[in-house]
Structures are given as C-alpha cells and as structure tokens.
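Source file: run-v1.cif (mmCIF, C-alpha atoms)
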```cif
data_coords
loop_
_atom_site.label_atom_id
_atom_site.label_comp_id
_atom_site.auth_asym_id
_atom_site.auth_seq_id
_atom_site.Cartn_x
_atom_site.Cartn_y
_atom_site.Cartn_z
CA MET U 1 89.56 89.54 120.28
CA LEU U 2 85.78 89.94 120.26
CA LEU U 3 86.00 91.67 123.62
CA TYR U 4 88.64 94.02 122.21
CA LEU U 5 86.43 94.84 119.19
CA ALA U 6 83.35 95.37 121.34
CA GLY U 7 85.30 97.61 123.69
CA SER U 8 86.62 99.62 120.75
CA LEU U 9 83.13 100.10 119.33
CA ILE U 10 81.80 101.23 122.71
CA GLY U 11 84.70 103.69 122.94
CA VAL U 12 83.96 105.02 119.45
CA ALA U 13 80.27 105.41 120.30
CA ALA U 14 81.09 107.28 123.51
CA ILE U 15 83.43 109.73 121.73
CA VAL U 16 80.92 110.31 118.94
CA ALA U 17 78.16 110.94 121.48
CA LEU U 18 80.40 113.47 123.23
CA ALA U 19 81.19 115.13 119.89
CA GLY U 20 77.46 115.31 119.11
CA TRP U 21 76.75 116.86 122.49
CA LEU U 22 79.57 119.40 122.19
CA PHE U 23 79.27 120.33 118.51
CA GLY U 24 75.83 119.18 117.33
CA TRP U 25 74.65 116.98 114.50
CA ARG U 26 72.93 119.35 112.14
CA ASP U 27 74.19 120.11 108.67
CA ALA U 28 75.13 123.73 108.09
CA ALA U 29 72.52 125.97 106.48
CA LEU U 30 73.73 127.03 103.04
CA ASP U 31 73.20 130.33 101.30
CA ALA U 32 74.18 131.47 97.84
CA GLU U 33 76.86 133.84 99.14
CA ARG U 34 78.71 131.13 101.05
CA VAL U 35 78.55 128.82 98.03
CA ALA U 36 79.78 131.57 95.70
CA GLN U 37 82.74 132.23 98.02
CA ALA U 38 83.61 128.53 98.11
CA LEU U 39 83.41 128.21 94.33
CA ALA U 40 85.50 131.34 93.85
CA ARG U 41 88.25 129.56 95.78
CA GLU U 42 87.87 126.31 93.85
CA VAL U 43 87.16 127.54 90.32
CA PRO U 44 89.53 130.20 88.98
CA GLY U 45 87.63 133.22 87.70
CA PHE U 46 84.25 131.99 88.92
CA ARG U 47 81.61 134.74 88.86
CA ALA U 48 78.34 133.97 90.58
CA GLY U 49 75.31 134.22 88.36
CA ARG U 50 71.78 133.11 89.03
CA ALA U 51 71.46 131.02 92.17
CA SER U 52 68.58 129.14 93.62
CA PRO U 53 69.10 128.18 97.21
CA ASP U 54 67.32 126.18 99.75
CA THR U 55 69.13 125.75 103.04
CA ARG U 56 70.53 122.27 102.25
CA ALA U 57 71.56 122.58 98.61
CA VAL U 58 72.24 125.35 96.14
CA LEU U 59 72.27 125.46 92.35
CA ILE U 60 74.39 128.29 91.02
CA GLU U 61 75.50 129.41 87.57
CA ASP U 62 78.91 130.68 86.59
CA ALA U 63 78.13 134.00 84.91
CA ARG U 64 81.17 133.65 82.61
CA ASP U 65 80.22 130.47 80.78
CA GLY U 66 76.82 129.37 82.07
CA ALA U 67 78.22 126.29 83.80
CA VAL U 68 76.00 125.06 86.61
CA TYR U 69 77.31 123.94 89.99
CA LEU U 70 75.57 122.05 92.76
CA ALA U 71 76.55 122.64 96.38
CA VAL U 72 75.28 120.39 99.13
CA ALA U 73 75.69 120.82 102.89
CA ARG U 74 77.61 117.97 104.50
CA GLY U 75 78.04 118.44 108.21
CA ASP U 76 79.40 121.93 108.78
CA GLY U 77 81.10 121.86 105.39
CA LEU U 78 79.86 121.82 101.83
CA VAL U 79 80.49 119.69 98.78
CA THR U 80 80.37 121.10 95.27
CA ARG U 81 80.07 119.45 91.87
CA LYS U 82 80.10 120.87 88.37
CA LEU U 83 77.06 119.43 86.65
CA ALA U 84 77.18 118.02 83.15
CA ARG U 85 74.82 116.23 80.76
CA GLY U 86 73.80 112.76 81.83
CA LEU U 87 72.26 113.65 85.16
CA GLY U 88 68.96 112.24 86.27
CA VAL U 89 66.64 115.19 86.77
CA ALA U 90 63.08 114.87 88.06
CA ARG U 91 60.69 117.58 89.20
CA ASP U 92 57.64 117.25 91.38
CA GLY U 93 56.14 120.69 91.74
CA GLY U 94 58.79 122.76 93.50
CA THR U 95 60.93 119.77 94.40
CA LEU U 96 63.83 119.01 92.11
CA THR U 97 65.65 115.69 92.49
CA ILE U 98 69.08 115.37 90.91
CA ARG U 99 70.74 111.98 90.51
CA LEU U 100 74.49 112.07 89.92
CA ARG U 101 76.94 109.42 88.74
CA ASP U 102 78.97 109.96 91.87
CA PHE U 103 79.80 107.25 94.37
CA THR U 104 79.76 109.55 97.40
CA LEU U 105 77.10 112.04 96.27
CA ARG U 106 74.36 110.11 94.59
CA ARG U 107 71.41 112.45 94.75
CA ALA U 108 70.28 115.86 95.93
CA HIS U 109 66.80 117.16 96.65
CA LEU U 110 66.08 120.87 96.36
CA GLN U 111 62.99 122.86 97.23
CA LEU U 112 62.97 125.65 94.66
CA ALA U 113 60.69 128.51 93.83
CA ASP U 114 61.94 128.35 90.22
CA ALA U 115 62.25 124.58 89.86
CA ASP U 116 60.96 124.64 86.28
CA TYR U 117 63.78 126.98 85.21
CA TRP U 118 66.45 124.77 86.79
CA GLU U 119 64.94 121.60 85.40
CA ALA U 120 65.22 123.05 81.91
CA ARG U 121 68.76 124.30 82.57
CA LEU U 122 69.96 120.92 83.84
CA LYS U 123 68.35 119.01 80.99
CA GLY U 124 70.08 121.31 78.51
CA LEU U 125 73.57 121.04 79.96
CA ALA U 126 76.63 120.49 77.84
CA PRO U 127 78.39 117.09 78.03
CA MET W 128 107.66 86.54 122.83
CA LYS W 129 104.78 88.74 121.79
CA PRO W 130 106.09 91.68 119.70
CA PHE W 131 105.88 95.08 121.35
CA ASP W 132 103.35 97.22 119.48
CA PRO W 133 103.70 100.96 120.22
CA VAL W 134 100.42 101.81 118.46
CA ALA W 135 98.38 99.38 120.57
CA LEU W 136 100.03 100.69 123.71
CA ALA W 137 99.32 104.30 122.72
CA THR W 138 95.66 103.76 121.76
CA PRO W 139 94.23 104.67 125.20
CA ALA W 140 96.26 107.88 125.05
CA PHE W 141 94.86 108.56 121.54
CA VAL W 142 91.33 108.28 122.92
CA LEU W 143 92.01 110.56 125.88
CA LEU W 144 93.74 113.13 123.67
CA VAL W 145 90.85 113.20 121.17
CA ILE W 146 88.46 113.87 124.07
CA ALA W 147 90.78 116.52 125.52
CA GLU W 148 91.05 118.25 122.13
CA MET W 149 87.26 118.24 121.69
CA LEU W 150 86.84 119.96 125.06
CA PHE W 151 89.66 122.40 124.25
CA VAL W 152 88.09 123.28 120.89
CA ARG W 153 84.62 123.65 122.41
CA PHE W 154 85.80 126.12 125.03
CA THR W 155 88.47 128.02 123.08
CA GLY W 156 87.27 127.83 119.47
CA ARG W 157 90.81 126.90 118.35
CA GLY W 158 90.03 124.15 115.86
CA ARG W 159 86.93 122.51 114.41
CA PHE W 160 85.03 119.31 115.11
CA GLU W 161 81.84 117.97 113.60
CA ALA W 162 80.10 114.93 115.06
CA LYS W 163 79.40 113.05 111.81
CA ASP W 164 82.91 113.67 110.57
CA THR W 165 84.36 112.44 113.85
CA ALA W 166 82.18 109.33 113.69
CA ALA W 167 83.38 108.62 110.15
CA SER W 168 87.03 109.12 111.08
CA LEU W 169 86.84 106.86 114.12
CA MET W 170 85.02 104.13 112.22
CA MET W 171 87.67 104.35 109.51
CA GLY W 172 90.28 103.82 112.20
CA PHE W 173 88.36 100.87 113.63
CA GLY W 174 87.96 99.25 110.21
CA SER W 175 91.59 99.90 109.34
CA THR W 176 92.71 98.03 112.45
CA ILE W 177 90.61 95.02 111.51
CA MET W 178 91.68 95.02 107.87
CA GLY W 179 95.31 95.60 108.81
CA THR W 180 95.26 92.61 111.13
CA ALA W 181 93.45 90.43 108.61
CA PHE W 182 95.87 91.15 105.80
CA ALA W 183 99.12 91.54 107.75
CA PHE W 184 100.19 88.18 106.35
CA ILE W 185 100.76 89.78 102.92
CA PHE W 186 103.33 92.21 104.28
CA LEU W 187 104.88 89.62 106.57
CA GLY W 188 104.98 87.06 103.78
CA PHE W 189 106.68 89.51 101.42
CA ALA W 190 109.25 90.44 104.08
CA LYS W 191 109.98 86.77 104.82
CA LEU W 192 110.30 86.09 101.11
CA ILE W 193 113.06 88.65 100.56
CA GLN W 194 114.74 88.36 103.97
CA PRO W 195 117.14 85.58 102.87
CA TYR W 196 118.68 88.03 100.42
CA ALA W 197 119.56 90.58 103.14
CA LEU W 198 123.05 92.06 102.89
CA PHE W 199 123.72 91.96 106.64
CA HIS W 200 122.27 90.32 109.71
CA ILE W 201 121.89 93.19 112.12
CA GLY W 202 121.19 92.32 115.75
CA TRP W 203 119.21 94.23 118.36
CA SER W 204 121.07 97.24 119.75
CA TRP W 205 120.16 100.85 120.43
CA PRO W 206 122.38 102.25 117.64
CA ALA W 207 120.80 99.79 115.20
CA ALA W 208 117.29 100.71 116.37
CA ILE W 209 118.03 104.42 116.00
CA ALA W 210 119.48 103.89 112.51
CA CYS W 211 116.44 101.78 111.61
CA PHE W 212 114.12 104.51 112.90
CA VAL W 213 115.78 107.20 110.78
CA LEU W 214 115.89 105.02 107.67
CA ASP W 215 112.28 103.94 108.20
CA ASP W 216 111.30 107.60 108.30
CA LEU W 217 113.13 108.16 105.01
CA ARG W 218 111.35 105.11 103.60
CA TYR W 219 108.04 106.55 104.88
CA PHE W 220 108.74 109.86 103.10
CA TRP W 221 109.14 108.15 99.74
CA TRP W 222 106.16 105.82 100.25
CA HIS W 223 104.05 108.81 101.27
CA ARG W 224 105.21 110.86 98.30
CA ALA W 225 104.40 108.00 95.96
CA SER W 226 101.00 107.63 97.62
CA HIS W 227 100.18 111.15 96.47
CA ARG W 228 101.72 110.88 93.03
CA VAL W 229 100.68 107.39 91.89
CA ARG W 230 96.95 106.79 91.40
CA TRP W 231 97.09 103.12 92.46
CA LEU W 232 98.50 104.11 95.85
CA TRP W 233 96.36 107.26 96.10
CA ALA W 234 93.21 105.13 95.72
CA ASP W 235 93.97 103.89 99.22
CA HIS W 236 95.68 106.87 100.84
CA VAL W 237 92.96 109.31 99.71
CA ASN W 238 90.83 108.05 102.60
CA HIS W 239 93.15 109.60 105.15
CA HIS W 240 92.73 112.98 103.43
CA SER W 241 88.98 112.82 102.88
CA SER W 242 87.91 114.83 105.92
CA GLN W 243 87.25 118.55 105.62
CA HIS W 244 88.35 118.80 109.25
CA TYR W 245 91.78 118.62 110.77
CA ASN W 246 91.84 117.38 114.31
CA LEU W 247 93.15 114.39 116.23
CA SER W 248 90.29 112.22 115.02
CA THR W 249 91.53 112.84 111.46
CA ALA W 250 94.76 111.06 112.41
CA LEU W 251 92.69 107.92 113.00
CA ARG W 252 90.91 108.16 109.62
CA GLN W 253 92.99 105.41 108.05
CA PRO W 254 92.41 103.46 104.83
CA TRP W 255 91.19 99.89 104.72
CA GLY W 256 92.69 98.72 101.45
CA GLY W 257 96.43 98.65 102.05
CA PHE W 258 96.47 95.05 100.85
CA LEU W 259 95.25 96.27 97.44
CA ALA W 260 97.94 98.93 97.14
CA LEU W 261 100.53 96.32 96.26
CA PRO W 262 103.22 98.61 94.79
CA GLY W 263 103.55 99.97 98.32
CA LEU W 264 105.27 96.72 99.26
CA MET W 265 108.44 97.72 97.45
CA PHE W 266 108.99 100.53 99.94
CA LEU W 267 109.29 97.90 102.66
CA ALA W 268 112.07 96.07 100.84
CA PRO W 269 115.14 98.27 101.49
CA LEU W 270 115.07 97.96 105.28
CA VAL W 271 114.59 94.20 105.06
CA LEU W 272 117.35 93.87 102.47
CA ILE W 273 119.76 95.91 104.56
CA GLY W 274 119.21 93.29 107.24
CA PHE W 275 117.28 94.93 110.06
CA PRO W 276 115.25 92.39 112.06
CA LEU W 277 111.56 92.41 111.11
CA PRO W 278 110.35 93.02 114.70
CA MET W 279 112.68 96.04 114.86
CA ILE W 280 111.25 97.43 111.61
CA ALA W 281 107.71 96.94 112.94
CA PHE W 282 108.66 98.54 116.26
CA VAL W 283 110.28 101.69 114.84
CA HIS W 284 107.44 102.09 112.34
CA GLY W 285 104.98 101.90 115.23
CA ILE W 286 106.88 104.68 116.99
CA ASN W 287 106.75 106.68 113.74
CA LEU W 288 102.95 106.31 113.54
CA VAL W 289 102.51 107.24 117.19
CA TYR W 290 104.53 110.41 116.59
CA GLN W 291 102.32 111.34 113.65
CA PHE W 292 99.14 111.24 115.73
CA TRP W 293 99.61 114.49 117.65
CA ILE W 294 100.48 116.62 114.60
CA HIS W 295 96.90 116.35 113.30
CA THR W 296 95.57 119.40 115.09
CA GLU W 297 94.72 123.06 114.62
CA SER W 298 94.87 123.60 118.37
CA ILE W 299 98.67 123.93 118.36
CA GLY W 300 100.25 126.86 116.55
CA ARG W 301 103.96 126.81 115.83
CA PHE W 302 106.99 125.64 117.79
CA PRO W 303 110.37 127.38 118.15
CA LYS W 304 112.24 127.68 114.86
CA TRP W 305 114.83 125.03 115.65
CA PHE W 306 112.08 122.47 116.24
CA GLU W 307 110.10 123.46 113.14
CA ALA W 308 113.33 123.19 111.12
CA VAL W 309 113.95 119.56 112.00
CA MET W 310 110.73 117.92 113.09
CA ASN W 311 107.36 117.43 111.45
CA THR W 312 104.91 119.60 113.38
CA PRO W 313 101.19 120.44 113.33
CA SER W 314 101.98 123.51 111.21
CA HIS W 315 103.88 121.51 108.57
CA HIS W 316 101.29 118.76 108.47
CA ARG W 317 98.38 121.21 108.19
CA VAL W 318 100.00 122.24 104.91
CA HIS W 319 100.14 118.60 103.85
CA HIS W 320 96.39 118.13 104.44
CA ALA W 321 95.40 121.41 102.77
CA VAL W 322 93.76 121.75 99.36
CA ASN W 323 94.89 125.34 98.78
CA ALA W 324 96.75 125.29 95.48
CA ARG W 325 100.02 126.51 96.96
CA TYR W 326 99.99 123.69 99.52
CA LEU W 327 99.21 120.73 97.24
CA ASP W 328 101.70 117.84 97.23
CA ALA W 329 103.92 119.20 99.98
CA ASN W 330 105.35 118.13 103.34
CA TYR W 331 105.31 114.35 103.03
CA ALA W 332 107.44 113.81 106.12
CA GLY W 333 106.55 111.44 108.91
CA VAL W 334 108.80 112.49 111.81
CA PHE W 335 111.65 114.53 110.32
CA ILE W 336 110.66 117.43 108.06
CA VAL W 337 114.28 117.55 106.87
CA TRP W 338 113.39 115.05 104.12
CA ASP W 339 111.03 117.58 102.51
CA ARG W 340 113.66 120.29 102.81
CA MET W 341 116.25 117.98 101.23
CA PHE W 342 114.06 116.79 98.37
CA GLY W 343 112.35 120.09 97.55
CA THR W 344 108.80 119.40 98.69
CA PHE W 345 108.75 121.64 101.76
CA VAL W 346 106.17 124.44 101.88
CA ALA W 347 105.73 126.60 104.97
CA GLU W 348 102.31 127.41 106.38
CA ARG W 349 101.33 131.04 105.84
CA ASP W 350 99.14 133.17 108.04
CA ASP W 351 97.63 134.86 104.97
CA ASP W 352 96.52 131.58 103.37
CA LYS W 353 94.78 129.53 106.03
CA PRO W 354 94.70 125.85 105.10
CA ARG W 355 91.40 124.41 103.86
CA TYR W 356 91.31 120.67 104.35
CA GLY W 357 90.18 117.60 102.45
CA ILE W 358 90.64 116.61 98.83
CA VAL W 359 90.14 118.30 95.49
CA GLY W 360 86.51 117.33 94.87
CA GLN W 361 85.36 116.78 98.45
CA ILE W 362 83.50 113.56 99.11
CA GLY W 363 79.80 113.77 99.84
CA SER W 364 79.38 110.96 102.35
CA PHE W 365 80.09 110.16 105.98
CA ASN W 366 79.45 106.46 105.37
CA PRO W 367 82.74 104.64 106.21
CA LEU W 368 82.09 101.98 103.55
CA ARG W 369 81.71 104.60 100.84
CA ILE W 370 84.73 106.52 102.13
CA ALA W 371 86.88 103.38 102.16
CA ALA W 372 85.78 102.29 98.70
CA HIS W 373 85.48 105.54 96.77
CA GLY W 374 89.09 105.73 95.57
CA TRP W 375 89.01 102.11 94.43
CA VAL W 376 85.62 102.47 92.74
CA SER W 377 86.83 105.52 90.86
CA LEU W 378 90.04 103.76 89.77
CA GLY W 379 88.16 100.60 88.82
CA SER W 380 85.69 102.59 86.75
CA ASP W 381 88.51 104.25 84.82
CA LEU W 382 90.28 100.93 84.24
CA TRP W 383 87.03 99.39 82.99
CA ARG W 384 86.64 102.17 80.44
CA ALA W 385 90.31 102.31 79.40
CA ARG W 386 90.67 101.93 75.64
CA SER W 387 94.19 100.54 75.62
CA LEU W 388 96.70 98.86 77.89
CA LYS W 389 98.74 102.05 77.83
CA HIS W 390 95.80 104.05 79.14
CA ALA W 391 95.13 101.42 81.80
CA ALA W 392 98.77 101.56 82.90
CA LEU W 393 98.67 105.33 83.05
CA TYR W 394 95.44 105.28 85.07
CA LEU W 395 97.30 103.05 87.54
CA PHE W 396 100.69 104.71 87.67
CA ALA W 397 100.27 108.32 86.54
CA ALA W 398 99.33 111.09 88.94
CA PRO W 399 95.79 111.23 90.32
CA GLY W 400 93.66 113.21 87.88
CA TRP W 401 95.46 111.99 84.77
CA SER W 402 93.11 111.26 81.86
CA PRO W 403 93.79 110.42 78.20
CA ASP W 404 92.25 113.67 76.92
CA GLY W 405 93.62 115.85 79.71
CA SER W 406 90.10 116.91 80.66
CA ARG W 407 90.65 116.33 84.37
CA GLU W 408 92.88 118.24 86.71
CA THR W 409 96.01 116.99 88.41
CA SER W 410 97.66 118.74 91.31
CA ASP W 411 100.35 119.90 88.89
CA SER W 412 97.82 121.54 86.58
CA ILE W 413 96.02 123.15 89.53
CA LYS W 414 99.27 124.52 90.88
CA ALA W 415 100.39 125.75 87.45
CA ARG W 416 97.09 127.55 86.93
CA TRP W 417 97.31 129.07 90.37
CA ALA W 418 100.93 130.16 89.83
CA ALA W 419 100.03 131.77 86.50
CA ALA W 420 97.33 133.81 88.22
CA GLN W 421 99.71 135.23 90.83
CA PRO W 422 101.11 138.73 90.36
CA ALA W 423 104.70 138.68 89.12
CA MET W 424 107.22 138.79 91.95
CA PRO W 425 110.99 138.73 92.08
CA ALA W 426 112.52 135.26 92.26
CA PRO W 427 112.76 134.22 95.91
CA VAL W 428 115.90 133.19 97.72
CA PRO W 429 115.47 129.51 98.64
CA ALA W 430 115.34 128.78 102.35
CA ILE W 431 118.41 127.12 103.79
CA GLY W 432 118.23 123.42 103.10
CA THR W 433 115.57 123.83 100.45
CA VAL W 434 116.55 122.53 97.04
CA PRO W 435 113.99 123.45 94.39
CA VAL W 436 113.20 120.60 92.04
CA PRO W 437 111.42 120.73 88.70
CA GLY W 438 107.68 120.87 89.10
CA THR W 439 107.73 122.44 92.53
CA ALA W 440 109.90 125.51 92.16
CA ALA W 441 107.55 127.27 89.77
CA VAL W 442 104.69 126.81 92.16
CA GLN W 443 106.54 127.68 95.29
CA SER W 444 108.27 130.74 93.92
CA PRO W 445 105.39 133.20 94.14
CA ALA W 446 104.47 131.86 97.53
CA GLU W 447 107.77 132.30 99.28
#
```

Here is the file; what I need is its structure written in the form of structure tokens.
Amino acid sequence: MLLYLAGSLIGVAAIVALAGWLFGWRDAALDAERVAQALAREVPGFRAGRASPDTRAVLIEDARDGAVYLAVARGDGLVTRKLARGLGVARDGGTLTIRLRDFTLRRAHLQLADADYWEARLKGLAP
Amino acid sequence: MKPFDPVALATPAFVLLVIAEMLFVRFTGRGRFEAKDTAASLMMGFGSTIMGTAFAFIFLGFAKLIQPYALFHIGWSWPAAIACFVLDDLRYFWWHRASHRVRWLWADHVNHHSSQHYNLSTALRQPWGGFLALPGLMFLAPLVLIGFPLPMIAFVHGINLVYQFWIHTESIGRFPKWFEAVMNTPSHHRVHHAVNARYLDANYAGVFIVWDRMFGTFVAERDDDKPRYGIVGQIGSFNPLRIAAHGWVSLGSDLWRARSLKHAALYLFAAPGWSPDGSRETSDSIKARWAAAQPAMPAPVPAIGTVPVPGTAAVQSPAE
C-alpha cells in the first residue's frame, strides 16, 4: 500500500513537472481591460469605472452603482469578488492589503499609485 | 477472489493520456493546461483515492444492510451485467442531478467543478468528502434492492467512471450525430462544466446522454457561446486541502448562523445559493436573469427526444 502511494505521488510529481515545463508556472498578468471583460460576462450590465491595476490584482468600480470588485490572478485565470463592508483594509504607502472573509481567497496585496483613494473607498463600502 | 476494479486497471492509461493531451495541447493549442491547476487536480485525485478507500466501509455497510430486502437474487450473466450497467447509469444521472441541486451534496461535488480548466486532469479532480454526503447513499439503494450482486454493481460503476474520463477534454470536437445523440461526449460534458448562464445545470449524464434528453436537462454546445469553466464564484486557491474543504466550510458556516431549523434544513436541502433573504444567487436566478436579457425570439421547436420541463424550458428557449 505504501509503495502504491509513493509510486502515485512520484507519478503526480512527474506529470506536474512536465506541465510546468510545457506551460509555465507564472500567474497571468492582469490589466483593467481583461478584468472589465470578465466582469461584464459575470455581472449583468456591468460598466467599468475607475480601475487601479497592478499586474497581479485589480480594483475596479462599477460605474452604474459604485460597487467595487477585486480581481486577482490565479494561474492563467482570474478570480473576482464583489467587495462589501467588513473587509480588513491596511495601507502602507502605496501598498494596500485587503483581508477577505473568504476561505479560498483570504488576502490580496496591491501596489497602487492611488492607494489612499482606494483605502477610503473600501472603508466606506456598503454592507 | 479479489474484485475486479476497472478504475485501478485503467489508471496507467489515465496517466499516459494526460501526458499525451498535454503534449497535444502544447503543440496544437487545442485546449488549455496550467501547471498549478494540474497539480491541484492530480492531488485531489490522489486524496480522493485515499479517502474513498478509507471510508468505503460506509457504502459497503449500507449496501449489506439493505441487501436482505432485495426483491430478486440475480446471478452473474452478461445480460444481467448489461442491465445493471444501464440502470447504474440512470442511477448516476439522478445522483449527479441531485449533486447539483441539493447543497449538502453540492458541498462535496463542487470540488470536481472547481477548476477553470477543462482537460483530462480535470477528470481526476475528485472530491474527498463523499462519506459526508450521506444523502447520496439513497441513490445506491435501488440497484441493491433489485437484487444485483454488489460486486457487479461496483464493476459496472467502475466501467462508468472509466468512460467518463476521456470526455473531459477540449482537444476533441464533436462526433457524428448518431453518436452525439446517444452517448455522452466531450462536447456535451463541456456544457456540463461551463458557467455560462445558458449552460448551467445541464447534461448530467454519465455514459448515455439520452437521460438528459428524456428528462429535459439536455443543452447542446454552441459555437457562438464558448464554454467558460469552473464555478459561479471561482475559488482562489490551488491548495488541495482548501479546495476539498471549501464547500463544507461554506455550508458549515451557513448552518452555524441559521436562525431556525427550517433555515438550517433549507441550507442543507435547497439549491446551492439559497439564502433566507434571497440575497444570493442560485443557478435558477442566474438563468432567469440571463433569459430576461435575451432578445425576444419565436418559441423553438424542441429537439427530438427533448421534453422541456418547468424551470429549464424558459432558459433553454432563447438558446435553441
């Protein structure tokens, strides 16, 4: 049994190494346009407003209602969340750290030129 | 005699086919792979094998418990095995449908759908918590109560699972119409894994797509609406432990905060996304919103063998 498990793990490691060699390990670089397109598919009527991208995460407003969305690169895909009051928000200069109550997306770090604006926006979110 | 396990026998072929598909995708661009996603899927498969072995006694114990009440005592024969295979596939259809429509079962099954990719490694992304999804046991009962031998049920179900491996791919387009009409294919199952509104809660079949056509859940893949894969609210982690637990953590959190027994029961048995104040989205509400946003079109003529049922016809109509 132990031999079977060890063999399986070695097999998994070999396939993953091959996948890494063939397709790479890096997360996709995000930009506001890609995020806006993704949100337009997910959120009916979404209209992109102000966005503040770095290459790993994007904060973007819905111009209709001022809702704020976070998009984070995960592999070659992206994960989006609508943000609501109750987040942990901390700013250190241009670095904004967002802590979410989300089991699979616990925090995001963003390097922003306008971090002070986004800190205020996130702290003033609706419930 | 040691029972014959088709899945164990096919595992080396699974490995070789995943490698072959990776090379095919790399050199043709037909499909998508991502190393961290592949790692997560394979580790989910590894963990599922261990957990499945560790908790097999629950399923075996349940089957042994009800076996004395079987109507017949069916022996081993090819006609019996073929009948068992077809009935097991029908049983699979209803278990699978329930796994998408009942939150308790979805808490487990969601893991299989949690990849944003659709390739052969996705087939191996299997849940770890089947032993917690106890209502799923009742779907095992009919075959046992009819009187099929337990090893036969396990055997034909293994064949069923082996069949379902190869349909998890974007590298294969569509088969001739006669085959697509009867069998579950990569095209039909891409629809099942898609999060596009028109594709939600469709194509639950294991081997024979005729069940979806019979029960009104069939949706055809369209060239003008390429499937996007994963779940509504994609997960943000490649950690297998978080993937395996996230459905259960979410359900547990809702049960903890439930304000009445009725709410707790509905969190368990209503559709995923149900909430007391209706503030969350279910697949039905997503599909209804999507259908309302479509331009008005004349009512479609149902495809042969497709019987619209309430809750699906309104969504499928504009899409046909």

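Put simply, atom CA of Asn238 of chain W is 8.6 Å away from atom CA of Ala372 of chain W.
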
Practice item. List the neighbours of Ala420 of chain W out to 9 Å using all atoms listed in the file; skip same-chain residues closer than 4 positions along the sequence, and give me the result as a ChimeraX atom specification. Key: /U:44 /W:415-416

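Look at Ala385 of chain W: the protein and nucleic acid residues within 9 Å of it, using all atoms listed in the file and passing over chain neighbours fewer than 6 places away, are W:Ala391, W:Tyr394, W:Pro403.
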
Practice item. Go through the shown structure with the PyMOL selection byres ((chain U and resi 66) around 12) and write out the matching residues as a PyMOL selection string. Key: chain U and resi 46-51+59-65+67-69+82-84+121-122+124-126

Give me, as a JSON list (two decimals) with C-alpha atoms, in the frame of the given file, the contact residues of chain W against chain U at a cut-off of 6 Å, counting all atoms listed in the file.
```json
[["chain", "number", "residue", "atom", "x", "y", "z"],
["W", 162, "ALA", "CA", 80.10, 114.93, 115.06],
["W", 166, "ALA", "CA", 82.18, 109.33, 113.69],
["W", 361, "GLN", "CA", 85.36, 116.78, 98.45],
["W", 362, "ILE", "CA", 83.50, 113.56, 99.11],
["W", 363, "GLY", "CA", 79.80, 113.77, 99.84],
["W", 364, "SER", "CA", 79.38, 110.96, 102.35]]
```

Review point. Distance atom CA of Asn330 of chain W-atom CA of Met310 of chain W, one decimal place?
Key: 11.1 Å

Check your understanding: Neighbours of segment 134-138 of chain W within 8 Å (only C-alpha atoms; same-chain residues fewer than 5 positions away dropped), as a PyMOL selection string?
Key -> chain W and resi 285-286+288-289

**Study point:** From W:Phe292, W:Phe258, W:Phe160, W:Tyr331, residue lying nearest Leu187 of chain W [all atoms listed in the file]
**Key:** W:Phe258

Check your understanding: Rounded to one decimal in Å, what is the spacing between atom CA of Phe365 of chain W and atom CA of Gln243 of chain W?
Key -> 11.0 Å

Compile the contact shell of segment 152-157 of chain W as a PDB file with C-alpha atoms, in the coordinates of the input: residues with an atom at most 10 Å away, counting all atoms listed in the file, same-chain residues fewer than 5 positions apart removed.
```
ATOM      1  CA  ALA U  19      81.190 115.130 119.890  1.00  0.00           C
ATOM      2  CA  LEU U  22      79.570 119.400 122.190  1.00  0.00           C
ATOM      3  CA  PHE U  23      79.270 120.330 118.510  1.00  0.00           C
TER       4      PHE U  23
ATOM      5  CA  ILE W 146      88.460 113.870 124.070  1.00  0.00           C
ATOM      6  CA  ALA W 147      90.780 116.520 125.520  1.00  0.00           C
ATOM      7  CA  ASN W 246      91.840 117.380 114.310  1.00  0.00           C
ATOM      8  CA  THR W 296      95.570 119.400 115.090  1.00  0.00           C
ATOM      9  CA  GLU W 297      94.720 123.060 114.620  1.00  0.00           C
ATOM     10  CA  SER W 298      94.870 123.600 118.370  1.00  0.00           C
ATOM     11  CA  ILE W 299      98.670 123.930 118.360  1.00  0.00           C
ATOM     12  CA  GLY W 300     100.250 126.860 116.550  1.00  0.00           C
TER      13      GLY W 300
END
```

Put a box with edges along x, y and z around all the listed atoms of segment 134-150 of chain W, pad it by 5 Å on each side, then give me its centre and sizes in Å, one decimal, as JSON.
```
{"center_x": 93.6, "center_y": 109.7, "center_z": 122.2, "size_x": 23.6, "size_y": 30.6, "size_z": 17.4}
```

Let me know the residues the PyMOL selection byres ((chain W and resi 336) around 9) catches in the file above, as a tab-separated table (two decimals) with C-alpha atoms, in the frame of the given file.
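Result written to part-v6.tsv:
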```tsv
chain	number	residue	atom	x	y	z
W	307	GLU	CA	110.10	123.46	113.14
W	308	ALA	CA	113.33	123.19	111.12
W	309	VAL	CA	113.95	119.56	112.00
W	310	MET	CA	110.73	117.92	113.09
W	311	ASN	CA	107.36	117.43	111.45
W	312	THR	CA	104.91	119.60	113.38
W	315	HIS	CA	103.88	121.51	108.57
W	330	ASN	CA	105.35	118.13	103.34
W	331	TYR	CA	105.31	114.35	103.03
W	332	ALA	CA	107.44	113.81	106.12
W	333	GLY	CA	106.55	111.44	108.91
W	334	VAL	CA	108.80	112.49	111.81
W	335	PHE	CA	111.65	114.53	110.32
W	337	VAL	CA	114.28	117.55	106.87
W	338	TRP	CA	113.39	115.05	104.12
W	339	ASP	CA	111.03	117.58	102.51
W	340	ARG	CA	113.66	120.29	102.81
W	341	MET	CA	116.25	117.98	101.23
W	345	PHE	CA	108.75	121.64	101.76
```

Review point. Written as number ranges by chain, what is the full residue list that the PyMOL selection byres ((chain W and resi 194-200) around 9) yields on the file shown?
Key: W: 189-193, 201-202, 268, 270-277

Practice item. Find the residues around His319 of chain W up to 10 Å (all atoms listed in the file counted), leave out those fewer than 4 positions away in its own chain, and share them as number ranges by chain. Key: W: 240, 313-315, 323, 326-332, 345-348, 354, 356

Output C-alpha atoms of each residue in that selection to a file, as a compact mmCIF listing (two decimals), in the frame of the given file.
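Result file follows (result17.txt):
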```txt
# COMPACT_ATOMS: atom_id res chain seq x y z
CA HIS W 240 92.73 112.98 103.43
CA PRO W 313 101.19 120.44 113.33
CA SER W 314 101.98 123.51 111.21
CA HIS W 315 103.88 121.51 108.57
CA ASN W 323 94.89 125.34 98.78
CA TYR W 326 99.99 123.69 99.52
CA LEU W 327 99.21 120.73 97.24
CA ASP W 328 101.70 117.84 97.23
CA ALA W 329 103.92 119.20 99.98
CA ASN W 330 105.35 118.13 103.34
CA TYR W 331 105.31 114.35 103.03
CA ALA W 332 107.44 113.81 106.12
CA PHE W 345 108.75 121.64 101.76
CA VAL W 346 106.17 124.44 101.88
CA ALA W 347 105.73 126.60 104.97
CA GLU W 348 102.31 127.41 106.38
CA PRO W 354 94.70 125.85 105.10
CA TYR W 356 91.31 120.67 104.35
```

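Remark: for Ala71 of chain U, the closest of the candidate residues W:Gly360, W:Gly379, W:Pro254, W:Gly400 is W:Gly360 (distances computed over all atoms listed in the file).
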
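Shortest atom-to-atom contact with Ala36 of chain U among U:Ala6, U:Ile98, U:Leu70, U:Ala115: U:Leu70, counting only C-alpha atoms.
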
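The residue that comes closest to Gln111 of chain U, out of U:Met1, U:Ile10, U:Val58, U:Ala29 and on the basis of all atoms listed in the file, is U:Val58.
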